[in-house]
Every structure is written in structure tokens, then in C-alpha cells.
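Peer 1: Have a look at this one.
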Amino acid sequence: MYRPDRLFPADPRGREVARRIYGRVRDLPIISPHGHVEASFLAENKRLPNPAELLIYPDHYVTRLLHTLGISMDLLSSSAAAGADHARASGEDHARASWAALAEKWKFLRGTVVHYWLSVQLQEIFGIEKELSPQSATSIYDQIEAKLGAEDFLPRRLFDRFDISVLATTDSPVDDLGAHEQLAKLPNFSGQVIPTFRPDPFLEPCQREWPRYIEQLSQVAEVDCGSYGGWVAAMENRREYFRKHGAKSTDHSHLTAHAAPLEGAEAQRIYTAALTGTASREEADALRGHMLFEMARMSADDGLTMTLHPGIERSHHQATLQRYGPDTGHDIPVQLELTRALKPMLNHFGTAARFKLVVFTVDETVYSRELAPLAGFYPSVYIGAPWWFLDTSDAIQRWRSAITETAGFYKTSGFIDDTRAFVSIPVRHDMARRIDASYLARLVTEERLTEPEAHEIAHDLVEAIPRSVFNL
Amino acid sequence: MYRPDRLFPADPRGREVARRIYGRVRDLPIISPHGHVEASFLAENKRLPNPAELLIYPDHYVTRLLHTLGISMDLLSSSAAAGADHARASGEDHARASWAALAEKWKFLRGTVVHYWLSVQLQEIFGIEKELSPQSATSIYDQIEAKLGAEDFLPRRLFDRFDISVLATTDSPVDDLGAHEQLAKLPNFSGQVIPTFRPDPFLEPCQREWPRYIEQLSQVAEVDCGSYGGWVAAMENRREYFRKHGAKSTDHSHLTAHAAPLEGAEAQRIYTAALTGTASREEADALRGHMLFEMARMSADDGLTMTLHPGIERSHHQATLQRYGPDTGHDIPVQLELTRALKPMLNHFGTAARFKLVVFTVDETVYSRELAPLAGFYPSVYIGAPWWFLDTSDAIQRWRSAITETAGFYKTSGFIDDTRAFVSIPVRHDMARRIDASYLARLVTEERLTEPEAHEIAHDLVEAIPRSVFNL
Amino acid sequence: MYRPDRLFPADPRGREVARRIYGRVRDLPIISPHGHVEASFLAENKRLPNPAELLIYPDHYVTRLLHTLGISMDLLSSSAAAGADHARASGEDHARASWAALAEKWKFLRGTVVHYWLSVQLQEIFGIEKELSPQSATSIYDQIEAKLGAEDFLPRRLFDRFDISVLATTDSPVDDLGAHEQLAKLPNFSGQVIPTFRPDPFLEPCQREWPRYIEQLSQVAEVDCGSYGGWVAAMENRREYFRKHGAKSTDHSHLTAHAAPLEGAEAQRIYTAALTGTASREEADALRGHMLFEMARMSADDGLTMTLHPGIERSHHQATLQRYGPDTGHDIPVQLELTRALKPMLNHFGTAARFKLVVFTVDETVYSRELAPLAGFYPSVYIGAPWWFLDTSDAIQRWRSAITETAGFYKTSGFIDDTRAFVSIPVRHDMARRIDASYLARLVTEERLTEPEAHEIAHDLVEAIPRSVFNL
């Protein structure tokens, strides 16, 4: 169980200051400008699934840790997920077995952020007062189930209870955004649920499925993408569609941050070759870099904030990918380079009036070396909050420590929960507020900020900064 | 002189908690699953050599620091070491001159881990109460000498006094392990002294001496290693020999972590070429990667834990290498890559039931970026304790900070002393326990763990975790 | 406003110890062995310019932050700087507009080192008691202007008031050092103002202007540099000229640290080709590496300390470079490699009696991985103080934490202000003393040093260490 002063500094004066700073921001509404909850989840507003479907399977933070502690992926995915040839005990039995596995490994998660997030969810969302253990597993499962049956736990009721002011989803360019439209029309739901334009596979000519994606794009955009000019027009068209549906940003995750323009004719030539499968790997990579550059150009035009999170080797373990699909906990970071990769983009758009670029990374080495210096010069560049493997207490403090003296607080993105786990949203934002309060309290006790300055910054980190970066 | 609360946190509450956590583990027996003390040292049980032979020459941590502060390597190696053409004052005069050099530079070592280790050894093993200085050098030398003459200071008596429960040595595959056999048969010595299979030079076809190593292997294993199949059989044979003599792990230190299988025929072809010196550098590197992959395959079969510590450029200074040999303080780390290098190995064996892989590194950048994410998914992967340049107070805390929130405490290796300096073993393990107590105390005071949880983890770090990782 | 205990640790005991340590060094004279103030500034001893010319334009730390917060570079450079085709309101109006821009963005600089430096300058040098803000901007500008008109604020009066004992400038090899001569002859100025030999463009055969630089060198050195031998002779000649004018070091900033000798004939061949523009890029790079190696060879001969600060991509934003010139805040670090790059140089000169090499870096990853291990073995290698993006409170503590346990305090360079902003010198040195006091206080409170040891180290860091590293 975690206590009210959790994550605050150990020294008494720092703790007092942190408490006061946190007290000023604790109850502010949540702004979540990037995440992976689906709009349909809120539009449909169905009863939440059982505790395993809710808290384990969709959250690759949880499944990877249980997997490394010896639990089979079979127990870490819903019975439907593994495909027909791997039939298992279905429904509740399977869910209870998964929950028991979590309870069995629970003590080995101590000190991890997953232990923190799940504990605080159990405590604060579900009112569980016992520690999870093999002994308490069943009764806790039952308690959660009982709660989930109540009206109060329907998705939109939770959305209100969590006091979410803006929630961004992540969507394919070919999505019709019907669920978003539906939510916007609901008379008694005031939440702002906005789409995010995420075109990754449409920018990867080296991947086998790319021509299929381009075909879909042609259809949905009603633009012939048989030539490069069509691709540009279709993308602009879909971005505009998203913008009209409330989108504020586009999101991009490729292996590297490389983005550089090709000569016009060259882009056309490679594009055509790629569609027929005759582009070389080098050409396809160059085209991807060109397309990413084009996305920046479009952002400078239409004002959608561009977010990048490069540097991840996706699906490291082939056997798990084949059986359980992507996003199952084995995306592993690689070293990142930004200074050279972003140079062409920033030379073209780095001082453009409407362009905003938020760079996320899980390679901590670029914080002080590349990211803070870039964000410390280019008006368009913002330092994305630590993310994925780094959205944790010590890691967020290391991040602030690495960037603040060079770039300050006001060239950062505000907290990004990036989560697929809806119920974890308030816990994650609360954690970020606590950690920022602790960091600010240290600066106050070290006489590097006054306490009123720290209060103002803490408030801006939660409200003014994300609103400004994402044009909310 | 260091005091009883050394290495504990500065804040009063953190210090109290750290003291209590440390108090629970201070007197637990030492488990040392990887190090460089030789079995013959204990089997022969001879009087320890003079203070310089004991505390300076064999410890490249000490010699490199004195060298950089201006002491000649001649004074930092035993009179025999420099070869016949560099005759010097022999015996005691030389040792006393070395000791005087240490005393002269002593104050410049303040703040280093070497200052800590040597001080605490002098205090706690030898009962020295004065600070080392040019003035006190002679009398301290004499006091140590007097102690060393006593029965109590014979190696096996110290082994018992240090309360070492398991000590692993590091041995060549062609070693007959006679000293280990001898120790196992001793009636009044209950220490568990186990060999470790360290085949590095047998896996380096690009090195000139490789054919000679292979010839030795043929002889000792009684298997013709003239073809690749013979190499495999001989390696399996020697691993089995080691396993029967108590070995629990194999140890590997190559420049990179690259390990990928070649097609069977290709391995044979390059192997044969390498034996006759006609393999290219690229081929030899590919064969090394293949052989390292084979070691993983054998570990998945025979259950020997595989430890890797790549990323060191050995013997940076040629003149020192030529005159004083390897391991003389100028092995310098280089940048490490793990995500891609280990992918083939982990795709084959990452979820194999018996496979355990411990990865050590002195490149801190991979902790949060690659190592914790890999250990946070693959059941086989363990995060090796910080090592070599990083087995120090701040460095160990940085390591815990970088990995714990992602991978927890239970996918780490337990402390590894990795030392050649027998008398430093208890001091190093004690230091590790203090630092872990301090780290845990911080988590307790920041309300991220309860104190009983911290006590349990501290105990597991010293006992259950190394036993489990090394199958002890 | 910053208070007397600024930058000290938060815990009460640590703070007391830090105060005492700082108290011992606060008033020691300033030794500044590397910086960018010009000798002519002191020789001419003219009234300081207006607050914007003094505190904003020359300091790219300030301009980059204001630029990223949306201020045009036009307002961040003197009216003359932008060239005739960009005429603007000149003189005081322009300066007041710049100052107003600083005041407008002031609150967004909170937490940055720039906020700290400027605040403390306003407080302690100019006696300003109000916080800068849009409301107070004009009156603070006026107060500074009033001070600047006083005799007390003439450059040499400030030099004395700042108690600068040694100030090194940074100079081209073809500079005649007339201003240094002038200063040395002044009867009532006892300051030691020494030149530093900075030959960067003379070592870059791949740059278009290189032949022009070589021509200048020929003229000034009165040596024909038409062949490689001439270049060597001219360089030796100019180093000797600098040495006779008091120079203690040479300074080198190339993209990488690569330095390796070419065969004599090869260097001649490429040199000749480069002069006629027919050397390839690879050849030109190899020649640069050779020339840098030669600089090390000359340092081993003439005893000038060699300082390296590689790893910066200069002038990232072309449009800003073209309009406002270099050093305008968009030099961005890249990843650095030292272990291999410095190997040839250190194998030749790493143990040479007179050779001293100080390596600075803004890539923190090399601290513990490469730099501390190199400085922990080679007597010639010193770890340069954190610099540029890293000369800040947390960053300096990270640096000490990364290197001290491996290499101690006595293989570091002492603080380097590296500044172009004369009036910031005392503030920067004071900050370094405070941060070192805080770091040392932590070691004392963690029982890793005694307080008397910490006092001695703090004093040596300010006085004995820079004197020794730079032969002062």
C-alpha cells in the first residue's frame, strides 16, 4: 500500500514544500494529449471487462514483467488472442488464472513502476485495502468484479470521475473517426476526445504491406495514390479531415529520426518503384525520410503539432510476435541520434511560425547532449516528457535534471501518459504531478527557485504548457 | 579512517532506516559467484606475501591510480614481473619502495573507491588505526607484516574468518582443476570453491595464438579439434568436466556482444581456414560470433549460467602491455550495443527453460535503454551488478536507479566482486550491502517501499538472488 | 533573487558542512585558464557598453534561450551585427528593446543556469534589488547604465575587484599579441593576462578557407608554408612566440577527437594536394588527424598543456549562421568517442614527462565509460571540468559523481569558465565553488571523506589543481 506522501523527498523540509506544491495541482483536470485509449471504448460505454482483461492483458508494461518472471504469454493475453489453434480455458477461468499469476509474482514487482501503478489503482479506484498476494488474490478479484458491475464504473462515468478535460486517441489516417463524431454529439458528455493522426505504416515503403496501406489511403481519401503527388494530396486531405474532427497533433514512430527531402523527381521515381516492389532498401529508407520531412512541411502549414518517438526496435522476439502479435512487451530501445537526423527538417522549419515538434525518446543519453540544446535554440522544438521505460519516479527526475538548466521548464511537453490502460490514467498523471512537485521542492530547498515560483511552474506544467504545445 | 555509518544516506531518517536494513544482512555469509582468486592460492595455503605483493601489485585498480599519479609501473609490479632485462632492487626493498609510493600518493586517492577499499582493509582486516601517510608508511608496513606472519592470516583461515560460503574462480577450459579437487577433499575445510569456465581465447580465431589454443584443447579434451565438429565436441566435453567439478557458470569477455549462428557448412569452412591462417578478419569475427552463440546453445543444454561482459578495449597502452603484461590497468571501455547484438541469441534461447544469461557492462548508457528492457521481457536475461569501473557507491546507486523501476530487484545478479585481491573480498561485499541498504532506505523514506519489504529485498539480494541466478 | 545559501544541499547537516567548505574558498583569487574575453578589452579599458551589449549580445547562452522563447535574433544582436541590408533602430532604442525582450521572457528562464548567472550579476555586481520583469525593466536598465558610467566599472577596475589572478584569452596563431604586451607593460595593473594558442582553422584542410589561413601563417611566421615541413616549422615558431608571451596552453575543437600520425611522405603529399584543392575529403580528414597528433607531439616538446573539446556540430541552423554569424547559440553536441580516437596519441605521448592533455566534453556518456578510465591510467590525461551545456549545478554534480570514484579529484582540470561575458566571471567561479562545496559536503555526510579532507580538496580545486594542470 502506498501512503499519502508517496514519491515526495525524504528530507523534512523538502517534503513539506513538495506537499504544498502538489496540493496546488492535485485536483486540476487531466490533459492527456497523447495516449492509446480508443474512442470506441468511450462511445460504446460498455461494462468494463474482468480484472485480467482490464488490468493485465492490454498493458504491455505489466505483461512483460510477468513474462520475464516466468509466466507464459498464454496467461498474459485474453483467451481469444492466441488464435484458434491455441485454445485454452476460456472466459472467467482463464482470467482468474491470469490474476493468480499476477498475485504470485506480485512481491517480485516491488520497486517497479508497475507495482506502483497497479497498487494505487487498486487502492484509489477500486478501494482495495489489502495487499495483493496469493492469499488475497481471489477476494480482490471478486471485489473488483463487484465494482465493475456498478453504473459508476462505466467508461464515461469514470471519464468524468477522473476529471479528464482532454483525451487524445491515436488513429490511423484511414479511420473514419466515427466514434469521435458520436462522442462529440452526446448531449450529456462534455469530455473533449480528440483524434491523433498516426500515419506510420503509410510512411514505410520498405515494409511488405505498404502497397496495401496506400491502396486503402487512395480509397478513403478519394485520391489516386498511384503516384507520389497523389500520396501528398491524400495525406493533406486526411490531415484536414482529422483537423476538422479536432485533431491537434500527428504522431510518428520510426526506427530513426532521419528526415530529409529528396529532389521532387527522385521522390516520384522511388515512390513508383516502391509500389511495384522494385525499390531498393536504401531507396525505401530515403523515401521514408522524405515522407517524414513532408509531414513536417504539412505541420508547418496546417499547425498540427508533430510528435516523434524514434529509437525503438519493435517486436524483438519473433516467436512472441508470431503467436501474440505486436505490442506484447518486447519492443526494445536502441541508441538514438538527433543532431544530424533532424538537421534538414530544422533548417527548413525550425523557426517556422506554426511548426511545433515534440521529440520523445527512451535513450537518456540525448537529453543533455542533443535534445536540450536543440530545444534551447529552435523555437519549434519541445522536449517530450519521459516516456515508456522512463515514465517513473527516478527517471523523470533524471530527465528534469538533464534538461532544465539548459532549456528550462517551458520548452517541455507536459506529461504524456501514452497509455492503453484507461483506468491507469489518473494514477499516472497524479504520479507525474508528485514527481514534478518533488523536483521543484528540491530546487526550492537548494535555493534555486523561490516557492511561489515553483507553485507557478507546477501549475503551468499541468495546464498552460500542454495547452500551448498542443494548441488546446 | 572510515566510520561505522559510512556510505549511508545523509538525512537522519534515511540513515536510521539504512542502518536497520544493513543490520539484517551485515553478517550473512558471502556468496561470490564470479572472481579471480585462484584455487591454488587456497589449496597451497601459503603465508601471504608482503604488503606490496598482497595489496598493490595484483590489484589493477590500485596500480592504475598510482600510475596516473606519476608512479612508475616498475614500482607497481613485483620485481620478477618486469623480466630479466629490467632487474631492480629485489625483495623487501622493492616492496617497501612500492609501499612508500602508495603512502606518498595516498591523499590524492581521497574520494576514490580504491581509497575506501584499502582503508577499510587496513582498519578491519589488519587493525591499523593510523591514517596512511609518508610518516606512517613504515610502521604500517611493519604492522601488516607482523599480522601476515600469524597462523590466523593463512589463506584458508581468512576464508573461514571472511565467512565465504561460495567462491567461484575463473579458469581456462584446459585447466585440470586439480586445485579444486584438492580443496574438495580437505577434511577440515568446508568452503565451496568452484571453477568457472572461461574460454575467451578459444573463441578468438582472429588472434594469432588461436591455433595453439585449439591444439591444447585437442590434447586436454582428447578430441581432435582439426575440424569444427571437433571444437564443438571438445567444448562440450570440457564444460561437462567443469560441471562435474562444481562449475555453475561460464564467463565471456569479447569486444562486442555480437553472437549469431552461421550456416553449419560455413562455420566448418571458416574454422578450417582460420586454423591455417587463411580466414579474413570478417570471417574470423563471424566465426567468433558463431562460437559465442554455440556457448549459449550449450548453456541452454547443460544449465551453466552464461555471463557476458563485453565492451572493453584491452591493453590500450602497448608499451605497458609489452613490458608488464595484460591486466595492468589500461583496459578502457568502449560504447556497447546489446539490442541488436543479442537478438539472434535471445530469439533462439531467450525463453529456453534452462538458459540464464547475465550481462555485465561498464557502459552505463545501456542500463535503462537496453539492458533493463531486455531483462524486463526475457526470462533468461539478468542484469549483472555494476562492475569494474562502476562497483562504487554512486555508480551502484545510479545503476539501481536506472534499472529498478523497469525490471525490479529480482532480475539482477546479486553482487559480484570480480576481484583478484583476496583480502578485499569482505570489504567489497560489505560495501555492496551498505549501498543497497542506502538505496532501499531511500525508497522507504520516499514511500516507495515499506521497511519490511526493504528488509526482505536486502536479504534476497545477498542470498536468494545469487543462489537462484547461479544455481547454487 | 538568490539567497546566500544558494546551491547548497537541502539537508541541514549537509548545508552546514557545505557552508563551512565554501567559506574557506569563497574569497580565493580567480584562476581562469581558459576563456573568451579579449585582451584588447582590458588593454583599451573603455567604458562598458549598454546593458544589452554587455549582458545579452555577446553571450550565446542568453541569446539561444531568448531565441527559443520566440525573440528574433535581430533583437539579440547589436544593431551593427546584422549587416547593412538589415538596418534597424540603432543604438539605445535597440538596446532597450532587447532588454525589454529579456524582461518579458525572464520568468520562462526560471530553473536555467542563465537565470542564475544573470540574476546574481544583477544582484552582486550591479546592486539591483528588484526582480527583473516587464514592469521593472526600464528602471533596472537605467540603474545599470548609471553604474556603468562610474570609474569603478572600467574593465581593469572590475578585473581587480573580481580578484582575478590569471586570465587566459583565446587567440589565433597569427595574432601579434600586441594587447597582451600592452597589458604586461602597464605599471598599475598586476593582472596576469595570458594568451592561448588556438589553431583550429589552420588544421582543417577540408575547409575552403584553409589555403588562405596557411598563407597568413606563412606571412606572420615568416616561414614558407608551401610544403608540409613549412607548416610544422611555422606552427612551432608561433607556439614559441605564444609561449614567450606567457601562453600556457593550446586549445583545439574539432568535430572528433581523432588524432593519428600519417607516414611522413603521406602527410606531405596530402598537404600539397590540399593547398591546391585536390585532396579528397578522406585525405583532408586524415591530414587533420595527423596535424592534431603533431600538436600533441609539440606539446610534449614545449610543455604547453593541450586542451581538447571535440564533439560539437557547429552552426546547426544555416539561416542564422548566414545572417548573424557563428557562435550564435546553435552549436549542437554530437556523440563522442575517445577510447579509440585518442589511442595513437596516448600510445605515443600518454606517459611523456611534459605532456598534459585536458579533455572537455558535452557528451556525458564518456565520463564514466572512457574519460575517467583514461585519466585513471595515463599520467598525461586530465578530465576537463563540465563545460558549455554542462556547467550547471546538477550537471557538475553528475560529472563529479561519474568520475570521482574512478579517478579522484586530482586528475581534473579545475573550473573553466569558458566565457565571453566578462562580468559573469566571478559569478561562474563562485557557482563552481558552491557546487563543489555541496558535492564535498555530501561525501562528508555520507562518511566518505572527513571534513578536514574536504576542506583541503576544495582549496586544491580552486588553487593547486589549475596551477598544476596549466603550469601556472
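Note on naming: chains are A, B, ... as they come in the C-alpha cells, residues start from 1 per chain, ligands start from 1 in the order shown.
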Please tabulate, as a tab-separated table, the residues of chain B that come within 9 Å of chain A, each with its closest pair of atoms and the distance in Å to one decimal, counting only C-alpha atoms and ordering rows by chain, then residue number upward.
Peer 2:
```
residue	atom	partner	partner_atom	distance
B:Asp11	CA	A:Asp11	CA	6.3
B:Pro12	CA	A:Asp11	CA	8.3
B:Arg13	CA	A:Ala10	CA	7.8
B:Gly14	CA	A:Ala10	CA	7.3
B:Glu337	CA	A:Val334	CA	7.9
B:Leu338	CA	A:Val334	CA	8.3
B:Thr339	CA	A:Val334	CA	6.4
B:Arg340	CA	A:Val334	CA	8.1
B:Lys343	CA	A:His316	CA	6.9
B:Leu346	CA	A:His317	CA	7.4
B:Asn347	CA	A:His317	CA	5.5
B:Gly350	CA	A:His317	CA	8.4
B:Thr351	CA	A:Thr68	CA	8.8
B:Thr365	CA	A:Thr365	CA	6.7
B:Val366	CA	A:Gln335	CA	8.6
B:Ser368	CA	A:Phe389	CA	7.5
B:Arg369	CA	A:Asp363	CA	5.6
B:Glu370	CA	A:Pro333	CA	5.9
B:Ala372	CA	A:Phe389	CA	8.7
B:Pro373	CA	A:Ile332	CA	6.0
B:Leu374	CA	A:Ile332	CA	6.8
B:Ala375	CA	A:Thr68	CA	6.9
B:Gly376	CA	A:Leu65	CA	5.5
B:Phe377	CA	A:Thr68	CA	4.7
B:Tyr378	CA	A:Thr68	CA	5.0
B:Pro379	CA	A:Thr68	CA	3.9
B:Ser380	CA	A:Thr68	CA	7.6
B:Val381	CA	A:Thr68	CA	8.1
B:Ser401	CA	A:Asp394	CA	6.2
B:Ala402	CA	A:Ala395	CA	7.1
B:Ile403	CA	A:Thr112	CA	8.9
B:Thr404	CA	A:Thr112	CA	5.9
B:Glu405	CA	A:Thr112	CA	3.8
B:Thr406	CA	A:Thr112	CA	5.7
B:Ala407	CA	A:Thr112	CA	6.5
B:Gly408	CA	A:Thr112	CA	5.2
B:Phe409	CA	A:Phe108	CA	7.3
B:Tyr410	CA	A:Phe108	CA	6.1
B:Lys411	CA	A:Leu69	CA	8.0
B:Arg442	CA	A:Ala10	CA	7.2
B:Leu443	CA	A:Gly111	CA	7.9
B:Val444	CA	A:Ala10	CA	8.8
B:Thr445	CA	A:Ala10	CA	5.2
B:Glu446	CA	A:Leu7	CA	5.1
B:Glu447	CA	A:Arg6	CA	4.6
B:Arg448	CA	A:Arg6	CA	6.3
B:Leu449	CA	A:Gly111	CA	6.8
B:Thr450	CA	A:Met1	CA	8.3
B:Glu453	CA	A:Arg110	CA	8.0
B:Ile457	CA	A:Arg110	CA	8.7
```
Peer 1: Any idea what's packed within 12 Å of Gly226 in chain A, counting only C-alpha atoms, ignoring anything in its chain fewer than 6 positions away? Could you give it as a list of chain:residue names?
Peer 2: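 Near neighbours after the sequence-gap exclusion: A:Pro211, A:Arg212, A:Tyr213, A:Ile214, A:Glu215, A:Gln216, A:Leu217, A:Ser218, A:Gln219, A:Val232, A:Ala233, A:Ala234, A:Gln268, A:Arg269, A:Tyr271, A:Thr272, A:Ala273, A:Ala274, A:Leu275, A:Thr276.
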Peer 1: Do a neighbour search on Trp99 in chain C at 8 Å with only C-alpha atoms, toss out local chain neighbours closer than 3 positions, and write the hits as a PDB file with C-alpha atoms, in the first residue's frame.
Peer 2:
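Ended up saving to part23.pdb:
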```
ATOM      1  CA  PRO C  51      23.277  46.546 -20.636  1.00  0.00           C
ATOM      2  CA  ALA C  52      22.176  44.749 -23.794  1.00  0.00           C
ATOM      3  CA  ALA C  95      19.345  48.037 -26.753  1.00  0.00           C
ATOM      4  CA  ARG C  96      16.284  48.975 -24.708  1.00  0.00           C
ATOM      5  CA  LEU C 102      14.778  39.738 -21.844  1.00  0.00           C
ATOM      6  CA  ALA C 103      12.452  41.110 -19.175  1.00  0.00           C
ATOM      7  CA  ALA C 137      12.839  46.522 -16.963  1.00  0.00           C
ATOM      8  CA  TYR C 141      18.276  49.251 -17.310  1.00  0.00           C
TER       9      TYR C 141
END
```
Peer 1: Find the spatial neighbours of Glu236 in chain B, counting only C-alpha atoms, within a cut-off of 10 Å - ignore same-chain residues fewer than 4 positions away - and output them as a PDB file with C-alpha atoms, in the first residue's frame.
Peer 2:
```pdb
ATOM      1  CA  ALA B 221      39.774 -32.911 -24.213  1.00  0.00           C
ATOM      2  CA  GLY B 230      35.772 -31.454 -33.019  1.00  0.00           C
ATOM      3  CA  TRP B 231      35.768 -27.994 -31.467  1.00  0.00           C
ATOM      4  CA  VAL B 232      32.120 -28.400 -30.534  1.00  0.00           C
ATOM      5  CA  GLU B 240      30.947 -31.344 -18.663  1.00  0.00           C
ATOM      6  CA  TYR B 241      34.292 -31.802 -16.894  1.00  0.00           C
ATOM      7  CA  PHE B 242      33.871 -28.388 -15.272  1.00  0.00           C
ATOM      8  CA  MET B 295      28.127 -21.318 -25.982  1.00  0.00           C
ATOM      9  CA  MET B 298      25.367 -25.364 -24.759  1.00  0.00           C
ATOM     10  CA  SER B 299      24.231 -23.376 -21.703  1.00  0.00           C
ATOM     11  CA  ASP B 301      21.559 -27.676 -22.712  1.00  0.00           C
ATOM     12  CA  ASP B 302      23.806 -28.099 -19.687  1.00  0.00           C
TER      13      ASP B 302
END
```
Peer 1: Output as a ChimeraX atom specification all residues of range 142-388 of chain A that backbone DSSP marks as helix (DSSP H, G or I).
Peer 2: /A:142-148,151-153,155-161,178-185,200-203,210-221,228-244,264-275,281-302,318-324,343-349,365-375,388
Peer 1: Out of C:Arg243, C:Lys147, C:Arg20, C:Arg354, which residue has the shortest atom-to-atom distance to Leu177 in chain C when counting only C-alpha atoms?
Peer 2: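 Of C:Arg243, C:Lys147, C:Arg20, C:Arg354, the one nearest Leu177 in chain C, counting only C-alpha atoms, is C:Arg243.
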Peer 1: Quick one, how far is CA of Leu154 in chain B from CA of Arg47 in chain B?
Peer 2: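 Taking CA of Leu154 in chain B as the start and CA of Arg47 in chain B as the end point, the length is 5.5 Å.
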